[in-house]
>>> print(open('work-v8.pdb').read())   # PDB, C-alpha atoms
ATOM      1  CA  MET A   1      34.012   3.633  -3.317  1.00  0.00           C
ATOM      2  CA  ALA A   2      31.841   0.597  -3.986  1.00  0.00           C
ATOM      3  CA  VAL A   3      33.676  -0.273  -7.224  1.00  0.00           C
ATOM      4  CA  ASN A   4      36.987  -0.596  -5.402  1.00  0.00           C
ATOM      5  CA  PHE A   5      35.386  -2.739  -2.687  1.00  0.00           C
ATOM      6  CA  ALA A   6      33.719  -5.089  -5.208  1.00  0.00           C
ATOM      7  CA  VAL A   7      36.940  -5.508  -7.225  1.00  0.00           C
ATOM      8  CA  SER A   8      38.867  -6.240  -4.013  1.00  0.00           C
ATOM      9  CA  LEU A   9      36.377  -9.088  -3.397  1.00  0.00           C
ATOM     10  CA  ASP A  10      37.283 -10.482  -6.857  1.00  0.00           C
ATOM     11  CA  TYR A  11      34.117  -9.334  -8.669  1.00  0.00           C
ATOM     12  CA  PRO A  12      34.230  -7.781 -12.124  1.00  0.00           C
ATOM     13  CA  VAL A  13      32.432  -4.426 -12.072  1.00  0.00           C
ATOM     14  CA  LEU A  14      30.532  -2.522 -14.724  1.00  0.00           C
ATOM     15  CA  GLN A  15      30.220   1.148 -13.802  1.00  0.00           C
ATOM     16  CA  MET A  16      27.957   3.330 -15.921  1.00  0.00           C
ATOM     17  CA  ASP A  17      26.126   6.628 -16.042  1.00  0.00           C
ATOM     18  CA  VAL A  18      22.360   6.814 -16.284  1.00  0.00           C
ATOM     19  CA  ASP A  19      22.532   7.823 -19.949  1.00  0.00           C
ATOM     20  CA  ILE A  20      23.502   4.297 -21.007  1.00  0.00           C
ATOM     21  CA  VAL A  21      20.796   1.882 -22.222  1.00  0.00           C
ATOM     22  CA  PHE A  22      21.599  -1.779 -22.898  1.00  0.00           C
ATOM     23  CA  LEU A  23      20.051  -3.487 -25.917  1.00  0.00           C
ATOM     24  CA  LYS A  24      21.396  -6.882 -24.890  1.00  0.00           C
ATOM     25  CA  ASN A  25      23.488  -8.467 -22.171  1.00  0.00           C
ATOM     26  CA  PRO A  26      26.948  -6.844 -22.375  1.00  0.00           C
ATOM     27  CA  PHE A  27      28.743  -9.229 -20.016  1.00  0.00           C
ATOM     28  CA  PRO A  28      29.716 -11.997 -22.467  1.00  0.00           C
ATOM     29  CA  TYR A  29      31.330  -9.406 -24.744  1.00  0.00           C
ATOM     30  CA  LEU A  30      32.971  -7.496 -21.870  1.00  0.00           C
ATOM     31  CA  LYS A  31      34.407 -10.659 -20.310  1.00  0.00           C
ATOM     32  CA  ARG A  32      35.946 -11.690 -23.653  1.00  0.00           C
ATOM     33  CA  ALA A  33      37.295  -8.199 -24.335  1.00  0.00           C
ATOM     34  CA  ALA A  34      38.793  -7.887 -20.838  1.00  0.00           C
ATOM     35  CA  LYS A  35      40.759 -11.166 -20.782  1.00  0.00           C
ATOM     36  CA  ARG A  36      44.105  -9.356 -20.901  1.00  0.00           C
ATOM     37  CA  ARG A  37      42.861  -5.915 -19.890  1.00  0.00           C
ATOM     38  CA  HIS A  38      42.286  -4.367 -16.495  1.00  0.00           C
ATOM     39  CA  VAL A  39      39.921  -1.621 -17.665  1.00  0.00           C
ATOM     40  CA  LEU A  40      37.561  -1.297 -20.611  1.00  0.00           C
ATOM     41  CA  GLY A  41      35.861   1.984 -21.366  1.00  0.00           C
ATOM     42  CA  MET A  42      33.934   3.966 -23.896  1.00  0.00           C
ATOM     43  CA  ILE A  43      35.788   6.609 -25.867  1.00  0.00           C
ATOM     44  CA  ALA A  44      35.411  10.146 -24.582  1.00  0.00           C
ATOM     45  CA  PRO A  45      33.227  12.267 -26.847  1.00  0.00           C
ATOM     46  CA  ARG A  46      35.830  14.973 -27.137  1.00  0.00           C
ATOM     47  CA  ASN A  47      39.569  15.353 -27.435  1.00  0.00           C
ATOM     48  CA  ASP A  48      40.719  17.561 -24.578  1.00  0.00           C
ATOM     49  CA  ASP A  49      42.461  17.408 -21.210  1.00  0.00           C
ATOM     50  CA  ALA A  50      39.718  15.191 -19.829  1.00  0.00           C
ATOM     51  CA  GLY A  51      41.355  12.314 -21.701  1.00  0.00           C
ATOM     52  CA  PHE A  52      40.421   9.497 -24.021  1.00  0.00           C
ATOM     53  CA  MET A  53      38.376   7.270 -21.699  1.00  0.00           C
ATOM     54  CA  ASN A  54      34.808   8.202 -20.889  1.00  0.00           C
ATOM     55  CA  THR A  55      34.117   7.384 -17.230  1.00  0.00           C
ATOM     56  CA  GLY A  56      30.425   7.076 -18.113  1.00  0.00           C
ATOM     57  CA  LEU A  57      30.990   3.405 -18.986  1.00  0.00           C
ATOM     58  CA  MET A  58      33.859   1.393 -17.542  1.00  0.00           C
ATOM     59  CA  TYR A  59      34.341  -2.315 -16.905  1.00  0.00           C
ATOM     60  CA  PHE A  60      36.944  -3.392 -14.354  1.00  0.00           C
ATOM     61  CA  ARG A  61      38.421  -6.896 -14.306  1.00  0.00           C
ATOM     62  CA  PRO A  62      39.485  -7.867 -10.785  1.00  0.00           C
ATOM     63  CA  SER A  63      43.251  -7.980 -10.254  1.00  0.00           C
ATOM     64  CA  LYS A  64      45.843  -6.470  -7.918  1.00  0.00           C
ATOM     65  CA  ILE A  65      46.702  -3.870 -10.549  1.00  0.00           C
ATOM     66  CA  THR A  66      43.030  -2.887 -10.885  1.00  0.00           C
ATOM     67  CA  GLU A  67      42.778  -2.594  -7.092  1.00  0.00           C
ATOM     68  CA  ILE A  68      45.798  -0.255  -7.012  1.00  0.00           C
ATOM     69  CA  LEU A  69      44.310   1.876  -9.801  1.00  0.00           C
ATOM     70  CA  LEU A  70      40.934   2.144  -8.080  1.00  0.00           C
ATOM     71  CA  GLN A  71      42.416   2.774  -4.624  1.00  0.00           C
ATOM     72  CA  SER A  72      44.577   5.542  -6.098  1.00  0.00           C
ATOM     73  CA  PHE A  73      41.537   7.042  -7.814  1.00  0.00           C
ATOM     74  CA  GLU A  74      39.550   6.885  -4.578  1.00  0.00           C
ATOM     75  CA  ASN A  75      42.358   8.531  -2.589  1.00  0.00           C
ATOM     76  CA  LEU A  76      42.891  11.300  -5.153  1.00  0.00           C
ATOM     77  CA  SER A  77      39.163  11.993  -5.532  1.00  0.00           C
ATOM     78  CA  ALA A  78      39.109  13.811  -2.209  1.00  0.00           C
ATOM     79  CA  LEU A  79      41.729  16.259  -3.497  1.00  0.00           C
ATOM     80  CA  LYS A  80      40.393  16.927  -6.986  1.00  0.00           C
ATOM     81  CA  THR A  81      39.112  20.279  -8.118  1.00  0.00           C
ATOM     82  CA  PHE A  82      37.939  19.039 -11.540  1.00  0.00           C
ATOM     83  CA  GLY A  83      35.802  16.240 -12.943  1.00  0.00           C
ATOM     84  CA  ASP A  84      36.175  12.509 -12.360  1.00  0.00           C
ATOM     85  CA  GLN A  85      36.841  11.806 -16.038  1.00  0.00           C
ATOM     86  CA  GLU A  86      39.821  14.133 -16.119  1.00  0.00           C
ATOM     87  CA  LEU A  87      41.213  12.700 -12.875  1.00  0.00           C
ATOM     88  CA  PHE A  88      40.785   9.091 -14.027  1.00  0.00           C
ATOM     89  CA  ASN A  89      42.540   9.792 -17.332  1.00  0.00           C
ATOM     90  CA  ILE A  90      45.384  11.654 -15.610  1.00  0.00           C
ATOM     91  CA  LEU A  91      45.817   8.617 -13.385  1.00  0.00           C
ATOM     92  CA  LEU A  92      45.793   6.216 -16.366  1.00  0.00           C
ATOM     93  CA  ARG A  93      48.534   8.269 -18.053  1.00  0.00           C
ATOM     94  CA  HIS A  94      50.685   8.548 -14.909  1.00  0.00           C
ATOM     95  CA  HIS A  95      54.031   6.733 -15.151  1.00  0.00           C
ATOM     96  CA  ASN A  96      53.259   4.716 -11.990  1.00  0.00           C
ATOM     97  CA  MET A  97      50.228   3.201 -13.738  1.00  0.00           C
ATOM     98  CA  ARG A  98      52.123   1.901 -16.788  1.00  0.00           C
ATOM     99  CA  GLN A  99      51.150  -1.690 -15.973  1.00  0.00           C
ATOM    100  CA  VAL A 100      47.431  -0.917 -16.199  1.00  0.00           C
ATOM    101  CA  SER A 101      46.180  -2.401 -19.436  1.00  0.00           C
ATOM    102  CA  GLN A 102      43.178  -0.559 -20.838  1.00  0.00           C
ATOM    103  CA  ARG A 103      41.113  -0.699 -23.972  1.00  0.00           C
ATOM    104  CA  ILE A 104      38.581   1.605 -25.545  1.00  0.00           C
ATOM    105  CA  LEU A 105      35.496  -0.300 -26.695  1.00  0.00           C
ATOM    106  CA  PRO A 106      35.102  -0.320 -30.487  1.00  0.00           C
ATOM    107  CA  LYS A 107      32.634   2.275 -31.742  1.00  0.00           C
ATOM    108  CA  GLU A 108      30.637  -0.491 -33.427  1.00  0.00           C
ATOM    109  CA  THR A 109      29.531  -1.777 -30.005  1.00  0.00           C
ATOM    110  CA  PHE A 110      27.475   1.285 -29.142  1.00  0.00           C
ATOM    111  CA  ILE A 111      25.293   3.893 -30.757  1.00  0.00           C
ATOM    112  CA  LYS A 112      25.560   7.467 -29.596  1.00  0.00           C
ATOM    113  CA  LEU A 113      22.110   9.026 -29.777  1.00  0.00           C
ATOM    114  CA  GLY A 114      23.357  12.555 -30.111  1.00  0.00           C
ATOM    115  CA  MET A 115      22.187  13.321 -33.619  1.00  0.00           C
ATOM    116  CA  GLY A 116      18.886  14.284 -35.214  1.00  0.00           C
ATOM    117  CA  GLU A 117      15.793  12.072 -35.297  1.00  0.00           C
ATOM    118  CA  LYS A 118      16.434  10.803 -38.851  1.00  0.00           C
ATOM    119  CA  ASP A 119      20.005   9.763 -37.977  1.00  0.00           C
ATOM    120  CA  ILE A 120      18.841   7.974 -34.821  1.00  0.00           C
ATOM    121  CA  ARG A 121      16.170   6.021 -36.717  1.00  0.00           C
ATOM    122  CA  ASN A 122      18.687   5.079 -39.451  1.00  0.00           C
ATOM    123  CA  GLN A 123      21.285   3.906 -36.931  1.00  0.00           C
ATOM    124  CA  ILE A 124      18.777   1.864 -34.907  1.00  0.00           C
ATOM    125  CA  HIS A 125      17.315   0.159 -37.983  1.00  0.00           C
ATOM    126  CA  ASN A 126      20.546  -0.347 -39.948  1.00  0.00           C
ATOM    127  CA  GLY A 127      22.501  -3.143 -38.351  1.00  0.00           C
ATOM    128  CA  THR A 128      22.508  -3.270 -34.582  1.00  0.00           C
ATOM    129  CA  GLU A 129      23.646  -6.911 -34.403  1.00  0.00           C
ATOM    130  CA  ASN A 130      27.006  -5.929 -32.872  1.00  0.00           C
ATOM    131  CA  VAL A 131      25.591  -3.070 -30.792  1.00  0.00           C
ATOM    132  CA  PHE A 132      24.956  -3.745 -27.139  1.00  0.00           C
ATOM    133  CA  LEU A 133      24.341  -0.262 -25.796  1.00  0.00           C
ATOM    134  CA  LEU A 134      23.005   3.171 -26.567  1.00  0.00           C
ATOM    135  CA  HIS A 135      24.738   6.272 -25.213  1.00  0.00           C
ATOM    136  CA  VAL A 136      22.323   9.166 -24.816  1.00  0.00           C
ATOM    137  CA  PRO A 137      24.287  12.345 -24.021  1.00  0.00           C
ATOM    138  CA  SER A 138      22.784  15.831 -23.619  1.00  0.00           C
ATOM    139  CA  ALA A 139      19.600  17.242 -22.173  1.00  0.00           C
ATOM    140  CA  TYR A 140      17.298  15.461 -24.659  1.00  0.00           C
ATOM    141  CA  LYS A 141      17.696  11.923 -23.331  1.00  0.00           C
ATOM    142  CA  ALA A 142      13.999  11.062 -23.088  1.00  0.00           C
ATOM    143  CA  SER A 143      13.087  12.209 -26.605  1.00  0.00           C
ATOM    144  CA  ARG A 144      16.082  10.399 -28.134  1.00  0.00           C
ATOM    145  CA  LEU A 145      15.208   7.194 -26.302  1.00  0.00           C
ATOM    146  CA  MET A 146      11.590   7.508 -27.447  1.00  0.00           C
ATOM    147  CA  ILE A 147      12.770   7.757 -31.077  1.00  0.00           C
ATOM    148  CA  ALA A 148      14.834   4.588 -30.544  1.00  0.00           C
ATOM    149  CA  ASN A 149      11.859   2.810 -28.886  1.00  0.00           C
ATOM    150  CA  GLN A 150      13.843   2.406 -25.670  1.00  0.00           C
ATOM    151  CA  TRP A 151      11.837   4.725 -23.365  1.00  0.00           C
ATOM    152  CA  TYR A 152       9.835   2.899 -20.677  1.00  0.00           C
ATOM    153  CA  LEU A 153       8.981   5.537 -18.079  1.00  0.00           C
ATOM    154  CA  THR A 154       5.812   7.037 -19.577  1.00  0.00           C
ATOM    155  CA  PRO A 155       2.506   5.308 -18.857  1.00  0.00           C
ATOM    156  CA  PRO A 156       1.063   3.420 -21.837  1.00  0.00           C
ATOM    157  CA  HIS A 157      -1.806   5.117 -23.694  1.00  0.00           C
ATOM    158  CA  LYS A 158      -3.485   1.858 -24.680  1.00  0.00           C
ATOM    159  CA  SER A 159      -3.549  -1.548 -23.051  1.00  0.00           C
ATOM    160  CA  THR A 160      -1.736  -2.925 -26.121  1.00  0.00           C
ATOM    161  CA  GLU A 161       1.249  -0.631 -25.448  1.00  0.00           C
ATOM    162  CA  ILE A 162       2.091  -2.078 -22.032  1.00  0.00           C
ATOM    163  CA  CYS A 163       5.792  -2.683 -21.746  1.00  0.00           C
ATOM    164  CA  THR A 164       7.108  -5.621 -19.727  1.00  0.00           C
ATOM    165  CA  PHE A 165       9.163  -3.143 -17.677  1.00  0.00           C
ATOM    166  CA  TRP A 166       6.166  -0.947 -16.822  1.00  0.00           C
ATOM    167  CA  ASP A 167       5.245  -0.836 -13.138  1.00  0.00           C
ATOM    168  CA  LYS A 168       2.380   1.509 -12.292  1.00  0.00           C
ATOM    169  CA  GLU A 169       3.207   1.563  -8.561  1.00  0.00           C
ATOM    170  CA  VAL A 170       6.767   2.701  -9.223  1.00  0.00           C
ATOM    171  CA  TYR A 171       5.512   5.340 -11.660  1.00  0.00           C
ATOM    172  CA  GLU A 172       2.924   6.695  -9.208  1.00  0.00           C
ATOM    173  CA  PHE A 173       5.437   6.730  -6.351  1.00  0.00           C
ATOM    174  CA  SER A 174       8.022   8.527  -8.518  1.00  0.00           C
ATOM    175  CA  ARG A 175       5.504  11.009  -9.922  1.00  0.00           C
ATOM    176  CA  GLU A 176       4.191  11.894  -6.439  1.00  0.00           C
ATOM    177  CA  ASN A 177       7.714  12.370  -5.088  1.00  0.00           C
ATOM    178  CA  ILE A 178       8.773  14.503  -8.046  1.00  0.00           C
ATOM    179  CA  GLU A 179       5.648  16.672  -7.773  1.00  0.00           C
ATOM    180  CA  ALA A 180       6.170  17.040  -4.025  1.00  0.00           C
ATOM    181  CA  LYS A 181       9.735  18.235  -4.578  1.00  0.00           C
ATOM    182  CA  LEU A 182       8.712  20.555  -7.412  1.00  0.00           C
ATOM    183  CA  TYR A 183       5.941  22.176  -5.405  1.00  0.00           C
ATOM    184  CA  ASN A 184       7.618  21.916  -1.959  1.00  0.00           C
ATOM    185  CA  LYS A 185       4.955  19.558  -0.610  1.00  0.00           C
ATOM    186  CA  THR A 186       7.443  17.491   1.395  1.00  0.00           C
TER     187      THR A 186
END
>>> encode(input="work-v8.pdb", output="structure tokens")
Amino acid sequence: MAVNFAVSLDYPVLQMDVDIVFLKNPFPYLKRAAKRRHVLGMIAPRNDDAGFMNTGLMYFRPSKITEILLQSFENLSALKTFGDQELFNILLRHHNMRQVSQRILPKETFIKLGMGEKDIRNQIHNGTENVFLLHVPSAYKASRLMIANQWYLTPPHKSTEICTFWDKEVYEFSRENIEAKLYNKT
């Protein structure tokens, strides 16, 4: 596991799923919030056996305790028959991990784009000064990011719409590879 290796080399690590979009640099906030914590995470979107911490966004501060947690997670991952989120939360609750200090990030620091278009527009335009990320769960990620003006993977329609992140070569390469896989042209 790369996270465990990086932490063992004394690097803080931010691990995230692809449905997370940053609106601004999260590291100053995460470093402050993790001063006396080993793990920071986003709250799980549900209240079930999978636990309270969403493994879709976790920040690990390097320490011996964090190394033990991550090494245990890595070792147990080979044996699991359920999801990583459930396993990680079981490990956090285990009595041998009582010294692991964790914190759920305050809800004000992220916007969950899981509602309707009107709600997304209201949330984006009504006070995002404390927000540093968008969480885009479900199968409608692209449309929700488009509503929030955070979608950069569609070619611009006009020369005035060119985004600073847009790279035509990457788009063409990706499109050709996707089409080849879809139509078995590999």
>>> closest_residue(input="work-v8.pdb", among="A:Pro26, A:Ser63, A:Leu57, A:Thr81", to="His38 (chain A)", atoms="all atoms listed in the file")
A:Ser63
>>> residues_around(input="work-v8.pdb", residues="Glu86 (chain A)", least_positions_apart="2", cutoff="12 Å", atoms="all atoms listed in the file", output="PyMOL selection string")
chain A and resi 44+46-56+73+76-77+80-84+88-93
>>> atom_distance(input="work-v8.pdb", atom1="CA of Tyr29 (chain A)", atom2="CA of Gln15 (chain A)")
15.2 Å
>>> resolve_selection(input="work-v8.pdb", expression="the PyMOL selection byres ((chain A and resi 36) around 10)", output="PyMOL selection string")
chain A and resi 31-35+37-39+61+101-103
>>> write_last_selection(input="work-v8.pdb", atoms="C-alpha atoms", output="tab-separated table (two decimals), in the frame of the given file")
chain	number	residue	atom	x	y	z
A	31	LYS	CA	34.41	-10.66	-20.31
A	32	ARG	CA	35.95	-11.69	-23.65
A	33	ALA	CA	37.30	-8.20	-24.34
A	34	ALA	CA	38.79	-7.89	-20.84
A	35	LYS	CA	40.76	-11.17	-20.78
A	37	ARG	CA	42.86	-5.92	-19.89
A	38	HIS	CA	42.29	-4.37	-16.50
A	39	VAL	CA	39.92	-1.62	-17.66
A	61	ARG	CA	38.42	-6.90	-14.31
A	101	SER	CA	46.18	-2.40	-19.44
A	102	GLN	CA	43.18	-0.56	-20.84
A	103	ARG	CA	41.11	-0.70	-23.97
>>> residues_near_point(input="work-v8.pdb", point="(35.6, -2.2, -15.8)", cutoff="6 Å", atoms="all atoms listed in the file", output="PyMOL selection string")
chain A and resi 13-14+39-40+58-61
>>> residues_around(input="work-v8.pdb", residues="Ile65 (chain A)", least_positions_apart="3", cutoff="7 Å", atoms="all atoms listed in the file", output="list in words")
Ile68, Leu69 and Val100 of chain A
>>> atom_distance(input="work-v8.pdb", atom1="CA of Glu67 (chain A)", atom2="CA of Asn4 (chain A)")
6.4 Å
>>> closest_residue(input="work-v8.pdb", among="A:Ile43, A:Leu70, A:Leu23, A:Ala78", to="Val3 (chain A)", atoms="all atoms listed in the file")
A:Leu70
>>> atom_distance(input="work-v8.pdb", atom1="CA of His94 (chain A)", atom2="CA of Gln71 (chain A)")
14.4 Å
>>> closest_residue(input="work-v8.pdb", among="A:Asn75, A:Leu30, A:Lys24, A:Asp17", to="Ile104 (chain A)", atoms="only C-alpha atoms")
A:Leu30
